[in-house]
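One file, my_file_29.pdb, carrying PDB, C-alpha atoms and all ligand atoms:
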ATOM      1  CA  MET A  72      31.363  96.277  64.083  1.00  0.00           C
ATOM      2  CA  PRO A  73      31.860  92.565  63.371  1.00  0.00           C
ATOM      3  CA  ILE A  74      28.708  90.502  63.094  1.00  0.00           C
ATOM      4  CA  THR A  75      28.250  88.046  65.974  1.00  0.00           C
ATOM      5  CA  ARG A  76      27.313  84.425  65.394  1.00  0.00           C
ATOM      6  CA  GLY A  77      23.763  84.979  66.588  1.00  0.00           C
ATOM      7  CA  GLU A  78      23.250  87.847  64.158  1.00  0.00           C
ATOM      8  CA  ILE A  79      24.356  86.064  61.016  1.00  0.00           C
ATOM      9  CA  VAL A  80      21.371  85.216  58.835  1.00  0.00           C
ATOM     10  CA  ARG A  81      20.862  84.484  55.179  1.00  0.00           C
ATOM     11  CA  GLY A  82      18.371  86.403  53.105  1.00  0.00           C
ATOM     12  CA  ASP A  83      15.160  87.561  54.716  1.00  0.00           C
ATOM     13  CA  ARG A  84      15.111  87.017  58.501  1.00  0.00           C
ATOM     14  CA  SER A  85      11.381  86.353  58.418  1.00  0.00           C
ATOM     15  CA  VAL A  86      11.779  83.431  56.007  1.00  0.00           C
ATOM     16  CA  PHE A  87      15.261  81.902  56.060  1.00  0.00           C
ATOM     17  CA  PRO A  88      16.673  79.799  58.900  1.00  0.00           C
ATOM     18  CA  PRO A  89      19.568  81.342  60.845  1.00  0.00           C
ATOM     19  CA  TYR A  90      23.047  79.899  60.452  1.00  0.00           C
ATOM     20  CA  LEU A  91      23.037  79.038  64.125  1.00  0.00           C
ATOM     21  CA  TYR A  92      20.060  77.191  65.668  1.00  0.00           C
ATOM     22  CA  SER A  93      21.230  75.378  68.778  1.00  0.00           C
ATOM     23  CA  ALA A  94      18.585  72.609  68.651  1.00  0.00           C
ATOM     24  CA  TYR A  95      20.023  71.657  65.241  1.00  0.00           C
ATOM     25  CA  ARG A  96      23.373  70.437  66.533  1.00  0.00           C
ATOM     26  CA  SER A  97      25.340  70.522  63.293  1.00  0.00           C
ATOM     27  CA  SER A  98      24.647  74.242  62.987  1.00  0.00           C
ATOM     28  CA  LEU A  99      26.801  74.857  66.086  1.00  0.00           C
ATOM     29  CA  ARG A 100      29.864  73.762  64.118  1.00  0.00           C
ATOM     30  CA  ARG A 101      28.798  75.127  60.744  1.00  0.00           C
ATOM     31  CA  ALA A 102      27.757  78.654  61.732  1.00  0.00           C
ATOM     32  CA  PRO A 103      30.438  81.178  60.751  1.00  0.00           C
ATOM     33  CA  GLY A 104      32.390  82.509  63.733  1.00  0.00           C
ATOM     34  CA  LEU A 105      33.813  85.474  61.816  1.00  0.00           C
ATOM     35  CA  PRO A 106      32.293  88.096  59.529  1.00  0.00           C
ATOM     36  CA  LEU A 107      31.647  86.785  56.040  1.00  0.00           C
ATOM     37  CA  VAL A 108      34.150  87.639  53.311  1.00  0.00           C
ATOM     38  CA  GLU A 109      32.952  88.396  49.804  1.00  0.00           C
ATOM     39  CA  VAL A 110      34.946  86.420  47.252  1.00  0.00           C
ATOM     40  CA  PRO A 111      35.155  87.851  43.719  1.00  0.00           C
ATOM     41  CA  LEU A 112      33.462  85.562  41.197  1.00  0.00           C
ATOM     42  CA  THR A 113      35.324  84.011  38.281  1.00  0.00           C
ATOM     43  CA  LEU A 114      34.099  82.504  35.018  1.00  0.00           C
ATOM     44  CA  SER A 115      33.740  79.077  36.602  1.00  0.00           C
ATOM     45  CA  GLU A 116      31.066  80.387  38.990  1.00  0.00           C
ATOM     46  CA  LEU A 117      29.373  82.707  36.521  1.00  0.00           C
ATOM     47  CA  THR A 118      28.814  80.146  33.783  1.00  0.00           C
ATOM     48  CA  GLY A 119      25.962  77.678  34.008  1.00  0.00           C
ATOM     49  CA  PRO A 120      25.411  73.935  34.299  1.00  0.00           C
ATOM     50  CA  GLY A 121      25.616  73.393  30.519  1.00  0.00           C
ATOM     51  CA  PRO A 122      26.945  69.788  30.434  1.00  0.00           C
ATOM     52  CA  ALA A 123      24.331  68.706  32.969  1.00  0.00           C
ATOM     53  CA  LEU A 124      21.557  70.172  30.805  1.00  0.00           C
ATOM     54  CA  SER A 125      22.665  68.493  27.601  1.00  0.00           C
ATOM     55  CA  ALA A 126      22.914  65.096  29.335  1.00  0.00           C
ATOM     56  CA  LEU A 127      19.363  65.283  30.687  1.00  0.00           C
ATOM     57  CA  THR A 128      16.853  62.607  29.654  1.00  0.00           C
ATOM     58  CA  ALA A 129      13.164  62.111  30.452  1.00  0.00           C
ATOM     59  CA  GLU A 130      14.074  58.953  32.395  1.00  0.00           C
ATOM     60  CA  ASP A 131      16.053  61.070  34.862  1.00  0.00           C
ATOM     61  CA  ALA A 132      12.738  62.266  36.338  1.00  0.00           C
ATOM     62  CA  ASP A 133      11.583  58.709  37.113  1.00  0.00           C
ATOM     63  CA  LEU A 134      13.265  57.690  40.372  1.00  0.00           C
ATOM     64  CA  THR A 135      11.325  54.433  40.440  1.00  0.00           C
ATOM     65  CA  ARG A 136      13.328  53.073  37.477  1.00  0.00           C
ATOM     66  CA  ASN A 137      16.499  55.141  37.010  1.00  0.00           C
ATOM     67  CA  ALA A 138      18.845  53.024  39.140  1.00  0.00           C
ATOM     68  CA  GLY A 139      20.149  51.159  36.086  1.00  0.00           C
ATOM     69  CA  SER A 140      19.077  47.824  37.593  1.00  0.00           C
ATOM     70  CA  GLY A 141      16.183  47.125  35.257  1.00  0.00           C
ATOM     71  CA  GLY A 142      13.850  46.724  38.237  1.00  0.00           C
ATOM     72  CA  GLU A 143      11.348  48.982  39.965  1.00  0.00           C
ATOM     73  CA  ALA A 144      11.856  50.603  43.364  1.00  0.00           C
ATOM     74  CA  LEU A 145       9.819  49.307  46.292  1.00  0.00           C
ATOM     75  CA  GLY A 146       7.423  51.635  48.070  1.00  0.00           C
ATOM     76  CA  GLN A 147       4.345  53.790  47.564  1.00  0.00           C
ATOM     77  CA  ARG A 148       4.583  55.408  44.132  1.00  0.00           C
ATOM     78  CA  ILE A 149       4.076  59.163  44.224  1.00  0.00           C
ATOM     79  CA  ILE A 150       4.042  61.968  41.658  1.00  0.00           C
ATOM     80  CA  VAL A 151       5.595  65.199  42.922  1.00  0.00           C
ATOM     81  CA  THR A 152       4.841  68.193  40.744  1.00  0.00           C
ATOM     82  CA  GLY A 153       4.631  71.963  40.940  1.00  0.00           C
ATOM     83  CA  ARG A 154       6.046  75.186  39.556  1.00  0.00           C
ATOM     84  CA  VAL A 155       9.050  77.440  40.028  1.00  0.00           C
ATOM     85  CA  LEU A 156       7.881  81.046  40.275  1.00  0.00           C
ATOM     86  CA  ASP A 157       9.331  84.516  40.766  1.00  0.00           C
ATOM     87  CA  ALA A 158       8.075  87.129  43.231  1.00  0.00           C
ATOM     88  CA  LYS A 159       5.241  88.162  40.895  1.00  0.00           C
ATOM     89  CA  GLY A 160       4.061  84.594  40.354  1.00  0.00           C
ATOM     90  CA  SER A 161       5.534  84.381  36.858  1.00  0.00           C
ATOM     91  CA  PRO A 162       6.935  80.976  35.876  1.00  0.00           C
ATOM     92  CA  ILE A 163      10.678  80.348  35.664  1.00  0.00           C
ATOM     93  CA  PRO A 164      11.189  78.080  32.635  1.00  0.00           C
ATOM     94  CA  HIS A 165      14.171  75.835  31.831  1.00  0.00           C
ATOM     95  CA  THR A 166      15.454  75.645  35.406  1.00  0.00           C
ATOM     96  CA  LEU A 167      17.481  72.580  36.283  1.00  0.00           C
ATOM     97  CA  ILE A 168      15.958  70.860  39.324  1.00  0.00           C
ATOM     98  CA  GLU A 169      17.761  68.037  41.081  1.00  0.00           C
ATOM     99  CA  VAL A 170      16.223  65.951  43.869  1.00  0.00           C
ATOM    100  CA  TRP A 171      17.605  63.367  46.250  1.00  0.00           C
ATOM    101  CA  GLN A 172      15.876  61.348  48.930  1.00  0.00           C
ATOM    102  CA  ALA A 173      15.936  58.273  51.147  1.00  0.00           C
ATOM    103  CA  ASN A 174      14.264  55.066  49.965  1.00  0.00           C
ATOM    104  CA  ALA A 175      10.927  53.776  51.256  1.00  0.00           C
ATOM    105  CA  ALA A 176      12.668  52.407  54.359  1.00  0.00           C
ATOM    106  CA  GLY A 177      14.357  55.727  55.124  1.00  0.00           C
ATOM    107  CA  ARG A 178      17.843  54.722  53.951  1.00  0.00           C
ATOM    108  CA  TYR A 179      20.143  56.641  51.614  1.00  0.00           C
ATOM    109  CA  ARG A 180      22.482  54.815  49.297  1.00  0.00           C
ATOM    110  CA  HIS A 181      25.484  56.573  50.777  1.00  0.00           C
ATOM    111  CA  LYS A 182      28.496  55.289  52.697  1.00  0.00           C
ATOM    112  CA  THR A 183      27.827  57.515  55.688  1.00  0.00           C
ATOM    113  CA  ASP A 184      24.258  56.225  56.071  1.00  0.00           C
ATOM    114  CA  GLN A 185      24.752  52.969  57.992  1.00  0.00           C
ATOM    115  CA  TRP A 186      21.642  52.623  60.138  1.00  0.00           C
ATOM    116  CA  PRO A 187      20.017  49.161  59.743  1.00  0.00           C
ATOM    117  CA  GLY A 188      17.264  50.190  57.320  1.00  0.00           C
ATOM    118  CA  PRO A 189      17.285  48.021  54.182  1.00  0.00           C
ATOM    119  CA  LEU A 190      18.777  49.257  50.918  1.00  0.00           C
ATOM    120  CA  ASP A 191      16.752  48.854  47.736  1.00  0.00           C
ATOM    121  CA  PRO A 192      18.876  47.726  44.757  1.00  0.00           C
ATOM    122  CA  ASN A 193      16.319  49.301  42.415  1.00  0.00           C
ATOM    123  CA  PHE A 194      16.407  52.739  44.023  1.00  0.00           C
ATOM    124  CA  LEU A 195      19.189  55.235  43.436  1.00  0.00           C
ATOM    125  CA  GLY A 196      17.486  58.116  45.245  1.00  0.00           C
ATOM    126  CA  PHE A 197      18.466  60.817  42.771  1.00  0.00           C
ATOM    127  CA  GLY A 198      16.628  62.483  39.885  1.00  0.00           C
ATOM    128  CA  ARG A 199      16.537  65.649  37.841  1.00  0.00           C
ATOM    129  CA  CYS A 200      14.484  67.509  35.273  1.00  0.00           C
ATOM    130  CA  LEU A 201      14.038  70.905  33.649  1.00  0.00           C
ATOM    131  CA  THR A 202      11.031  73.133  34.244  1.00  0.00           C
ATOM    132  CA  ASP A 203       8.907  73.558  31.119  1.00  0.00           C
ATOM    133  CA  ASP A 204       7.719  76.810  29.507  1.00  0.00           C
ATOM    134  CA  LEU A 205       5.194  77.277  32.341  1.00  0.00           C
ATOM    135  CA  GLY A 206       7.787  76.679  35.063  1.00  0.00           C
ATOM    136  CA  ARG A 207       6.414  73.205  35.795  1.00  0.00           C
ATOM    137  CA  TYR A 208       8.376  70.179  37.005  1.00  0.00           C
ATOM    138  CA  ARG A 209       7.260  66.589  37.601  1.00  0.00           C
ATOM    139  CA  PHE A 210       8.938  63.615  39.262  1.00  0.00           C
ATOM    140  CA  LEU A 211       7.739  60.046  39.627  1.00  0.00           C
ATOM    141  CA  THR A 212       9.266  58.545  42.761  1.00  0.00           C
ATOM    142  CA  ILE A 213       8.371  56.619  45.908  1.00  0.00           C
ATOM    143  CA  ARG A 214       7.412  58.166  49.216  1.00  0.00           C
ATOM    144  CA  PRO A 215      10.596  58.352  51.303  1.00  0.00           C
ATOM    145  CA  GLY A 216      10.618  56.840  54.770  1.00  0.00           C
ATOM    146  CA  ALA A 217      11.501  58.646  57.993  1.00  0.00           C
ATOM    147  CA  TYR A 218      15.052  57.999  59.174  1.00  0.00           C
ATOM    148  CA  PRO A 219      16.919  58.293  62.473  1.00  0.00           C
ATOM    149  CA  TRP A 220      19.717  60.793  62.944  1.00  0.00           C
ATOM    150  CA  LYS A 221      21.868  61.462  65.954  1.00  0.00           C
ATOM    151  CA  ASN A 222      20.926  65.078  66.552  1.00  0.00           C
ATOM    152  CA  HIS A 223      19.300  64.280  69.909  1.00  0.00           C
ATOM    153  CA  PRO A 224      17.964  61.128  71.679  1.00  0.00           C
ATOM    154  CA  ASN A 225      15.454  59.196  69.543  1.00  0.00           C
ATOM    155  CA  ALA A 226      15.645  61.758  66.739  1.00  0.00           C
ATOM    156  CA  TRP A 227      13.853  60.922  63.473  1.00  0.00           C
ATOM    157  CA  ARG A 228      13.611  63.119  60.406  1.00  0.00           C
ATOM    158  CA  PRO A 229      10.142  63.468  58.880  1.00  0.00           C
ATOM    159  CA  ALA A 230       9.801  62.212  55.302  1.00  0.00           C
ATOM    160  CA  HIS A 231      11.337  64.779  52.955  1.00  0.00           C
ATOM    161  CA  ILE A 232      12.828  65.272  49.515  1.00  0.00           C
ATOM    162  CA  HIS A 233      15.867  67.494  48.991  1.00  0.00           C
ATOM    163  CA  PHE A 234      15.561  69.957  46.092  1.00  0.00           C
ATOM    164  CA  SER A 235      18.306  71.904  44.308  1.00  0.00           C
ATOM    165  CA  LEU A 236      17.621  74.603  41.720  1.00  0.00           C
ATOM    166  CA  PHE A 237      20.232  75.962  39.359  1.00  0.00           C
ATOM    167  CA  GLY A 238      20.010  79.476  37.994  1.00  0.00           C
ATOM    168  CA  PRO A 239      22.058  80.723  35.032  1.00  0.00           C
ATOM    169  CA  GLY A 240      25.398  80.038  36.784  1.00  0.00           C
ATOM    170  CA  TRP A 241      26.862  77.438  39.148  1.00  0.00           C
ATOM    171  CA  ASN A 242      26.928  80.056  41.851  1.00  0.00           C
ATOM    172  CA  SER A 243      23.177  80.711  41.625  1.00  0.00           C
ATOM    173  CA  ARG A 244      22.108  77.488  43.278  1.00  0.00           C
ATOM    174  CA  LEU A 245      19.291  77.203  45.795  1.00  0.00           C
ATOM    175  CA  ILE A 246      18.724  74.193  48.036  1.00  0.00           C
ATOM    176  CA  THR A 247      15.785  73.315  50.243  1.00  0.00           C
ATOM    177  CA  GLN A 248      13.653  70.411  51.466  1.00  0.00           C
ATOM    178  CA  MET A 249      10.075  69.481  50.675  1.00  0.00           C
ATOM    179  CA  TYR A 250       7.965  67.861  53.395  1.00  0.00           C
ATOM    180  CA  PHE A 251       4.623  66.058  53.301  1.00  0.00           C
ATOM    181  CA  GLU A 252       1.707  67.889  54.889  1.00  0.00           C
ATOM    182  CA  GLY A 253       0.272  65.978  57.850  1.00  0.00           C
ATOM    183  CA  ASP A 254       3.441  64.022  58.716  1.00  0.00           C
ATOM    184  CA  VAL A 255       3.345  63.339  62.471  1.00  0.00           C
ATOM    185  CA  LEU A 256       7.101  63.984  62.828  1.00  0.00           C
ATOM    186  CA  LEU A 257       7.032  67.548  61.480  1.00  0.00           C
ATOM    187  CA  GLY A 258       6.704  69.238  64.882  1.00  0.00           C
ATOM    188  CA  LEU A 259       9.696  67.322  66.277  1.00  0.00           C
ATOM    189  CA  ASP A 260      12.168  68.283  63.549  1.00  0.00           C
ATOM    190  CA  PRO A 261      14.798  70.886  64.531  1.00  0.00           C
ATOM    191  CA  ILE A 262      15.709  71.555  60.898  1.00  0.00           C
ATOM    192  CA  LEU A 263      12.128  72.516  60.083  1.00  0.00           C
ATOM    193  CA  ASN A 264      11.700  74.296  63.420  1.00  0.00           C
ATOM    194  CA  ALA A 265      14.761  76.465  62.691  1.00  0.00           C
ATOM    195  CA  LEU A 266      12.537  78.393  60.290  1.00  0.00           C
ATOM    196  CA  PRO A 267      11.353  81.546  62.031  1.00  0.00           C
ATOM    197  CA  THR A 268       7.591  81.400  61.422  1.00  0.00           C
ATOM    198  CA  ALA A 269       4.739  78.961  60.844  1.00  0.00           C
ATOM    199  CA  GLN A 270       4.169  80.617  57.460  1.00  0.00           C
ATOM    200  CA  ALA A 271       7.759  79.936  56.431  1.00  0.00           C
ATOM    201  CA  ARG A 272       7.452  76.298  57.543  1.00  0.00           C
ATOM    202  CA  GLN A 273       4.179  75.916  55.654  1.00  0.00           C
ATOM    203  CA  ARG A 274       5.903  76.942  52.425  1.00  0.00           C
ATOM    204  CA  LEU A 275       7.938  73.729  52.562  1.00  0.00           C
ATOM    205  CA  MET A 276       4.829  71.512  52.770  1.00  0.00           C
ATOM    206  CA  ALA A 277       3.684  69.577  49.733  1.00  0.00           C
ATOM    207  CA  ALA A 278      -0.106  69.222  49.649  1.00  0.00           C
ATOM    208  CA  TYR A 279      -1.899  66.055  48.643  1.00  0.00           C
ATOM    209  CA  ALA A 280      -3.437  66.708  45.203  1.00  0.00           C
ATOM    210  CA  HIS A 281      -6.139  64.307  44.112  1.00  0.00           C
ATOM    211  CA  GLU A 282      -6.171  65.758  40.580  1.00  0.00           C
ATOM    212  CA  VAL A 283      -2.508  64.735  40.282  1.00  0.00           C
ATOM    213  CA  THR A 284      -3.164  61.229  41.612  1.00  0.00           C
ATOM    214  CA  GLU A 285      -3.376  58.624  38.851  1.00  0.00           C
ATOM    215  CA  PRO A 286      -5.848  55.729  39.347  1.00  0.00           C
ATOM    216  CA  GLU A 287      -4.262  52.447  40.327  1.00  0.00           C
ATOM    217  CA  TRP A 288      -0.812  53.951  39.795  1.00  0.00           C
ATOM    218  CA  ALA A 289       0.468  56.755  42.045  1.00  0.00           C
ATOM    219  CA  LEU A 290      -0.579  59.343  44.642  1.00  0.00           C
ATOM    220  CA  GLY A 291      -0.121  63.003  43.693  1.00  0.00           C
ATOM    221  CA  TRP A 292       1.571  65.759  45.698  1.00  0.00           C
ATOM    222  CA  ARG A 293       1.882  69.364  44.671  1.00  0.00           C
ATOM    223  CA  TRP A 294       4.536  71.852  45.773  1.00  0.00           C
ATOM    224  CA  ASP A 295       5.558  75.215  44.283  1.00  0.00           C
ATOM    225  CA  MET A 296       8.865  76.993  44.867  1.00  0.00           C
ATOM    226  CA  VAL A 297       8.947  80.800  44.912  1.00  0.00           C
ATOM    227  CA  LEU A 298      12.403  82.295  44.444  1.00  0.00           C
ATOM    228  CA  ASN A 299      11.869  85.627  46.191  1.00  0.00           C
ATOM    229  CA  GLY A 300       9.301  88.162  47.377  1.00  0.00           C
ATOM    230  CA  GLU A 301       6.659  87.948  50.103  1.00  0.00           C
ATOM    231  CA  ARG A 302       5.882  84.274  49.448  1.00  0.00           C
ATOM    232  CA  ALA A 303       9.516  83.202  49.060  1.00  0.00           C
ATOM    233  CA  THR A 304      10.378  79.572  49.749  1.00  0.00           C
ATOM    234  CA  PRO A 305      12.935  79.219  52.575  1.00  0.00           C
ATOM    235  CA  PHE A 306      16.264  78.016  51.195  1.00  0.00           C
ATOM    236  CA  GLU A 307      19.221  76.762  53.185  1.00  0.00           C
ATOM    237  CA  ASP A 308      22.985  76.760  53.304  1.00  0.00           C
ATOM    238  CA  PRO A 309      24.301  74.288  50.677  1.00  0.00           C
ATOM    239  CA  ARG A 310      26.627  72.821  53.313  1.00  0.00           C
ATOM    240  CA  GLU A 311      23.640  71.534  55.279  1.00  0.00           C
ATOM    241  CA  VAL A 312      22.725  68.758  52.863  1.00  0.00           C
TER     242      VAL A 312
HETATM  243 FE    FE A 401      17.595  63.964  54.052  1.00  0.00          FE
END
Produce structure tokens that represent the structure in this file.
Ligand SMILES: [Fe+2]
Amino acid sequence: MPITRGEIVRGDRSVFPPYLYSAYRSSLRRAPGLPLVEVPLTLSELTGPGPALSALTAEDADLTRNAGSGGEALGQRIIVTGRVLDAKGSPIPHTLIEVWQANAAGRYRHKTDQWPGPLDPNFLGFGRCLTDDLGRYRFLTIRPGAYPWKNHPNAWRPAHIHFSLFGPGWNSRLITQMYFEGDVLLGLDPILNALPTAQARQRLMAAYAHEVTEPEWALGWRWDMVLNGERATPFEDPREV
């Protein structure tokens, strides 16, 4: 029996969003209309992001200064840190993490983002780092602003940071979004609400962490990613970013 559109899900139904969630309008076009076809993998998918790893520098994890402009990004400085863990809570070291986000005014430096929020010449909105031996990552950035999108009338996305994790091969990539606990827009967001349970949504919330906060410098937020198991972080279709 072919799988119908409404039945197609990724991973664990209790954690992952369905392909099709009608309140998230783009999913109507993106959801597969036919059964999925398994494509045999070739060397180009099975080998890893080697060149990206060798080009990595410590400055890549500082989004406040990595725009190549010599200046510092405007906005509230924040430190975002946490761990990448497996189902048993063991750390996943040497994982390439990439992040991208809007600037403090909620604007991406991208040609398709044309709403009248100001661009910041000192903010590129992209960073990356490797997890250390204990699976830890750390970014210095600015708190992203909310931004409007045309999903429905007066639609605004809550502040969020996109995360991508690379496994040992290009094909083992996971993508998700981190939100800020307490954001008033969280309950209005169809992308977040596509997740099937409150527990799954909670796993995408960074928590304010005073021990991470640095005096007179930056506020600290902590967020762990769990790759699988009962506490798995919900990940999404790469085409949704
Ligand atoms: Fe976004």
Original post:
Mind listing the residues within 12 Å of ligand FE 401 (chain A), only C-alpha atoms and all ligand atoms counted, as a PyMOL selection string?
Top reply: chain A and resi 170-174+177-181+184+196-197+215-220+227-234+246-250+260+262-263+311-312
Subject >> Contacts of Glu301 of chain A within 10 Å, only C-alpha atoms, excl. fewer than 6 positions in-chain, as a list in words >> reply: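 In the requested form, the answer reads Asp83, Ser85, Val86, Ala158 and Lys159 of chain A.
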Write out, as a tab-separated table (two decimals), in the coordinates of the input, the residues just selected, with C-alpha atoms.
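Contents of again.tsv, freshly written:
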chain	number	residue	atom	x	y	z
A	83	ASP	CA	15.16	87.56	54.72
A	85	SER	CA	11.38	86.35	58.42
A	86	VAL	CA	11.78	83.43	56.01
A	158	ALA	CA	8.07	87.13	43.23
A	159	LYS	CA	5.24	88.16	40.90
Original post:
Of the candidates A:Leu195, A:Val297, A:Leu259, A:Ala278, which one gets nearest to Ser140 of chain A if we count all atoms listed in the file?
Top reply: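 Closest residue, counting all atoms listed in the file: A:Leu195.
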**OP:** Excluding Glu287 of chain A and residues on its chain fewer than 5 positions from it, collect all residues at most 12 Å away from it, counting all atoms listed in the file, and give them as a ChimeraX atom specification.
**Re:** /A:147-149
Original post:
Mind pulling up the distance from atom CA of Pro267 of chain A to atom CA of Arg154 of chain A?
Top reply: 24.0 Å
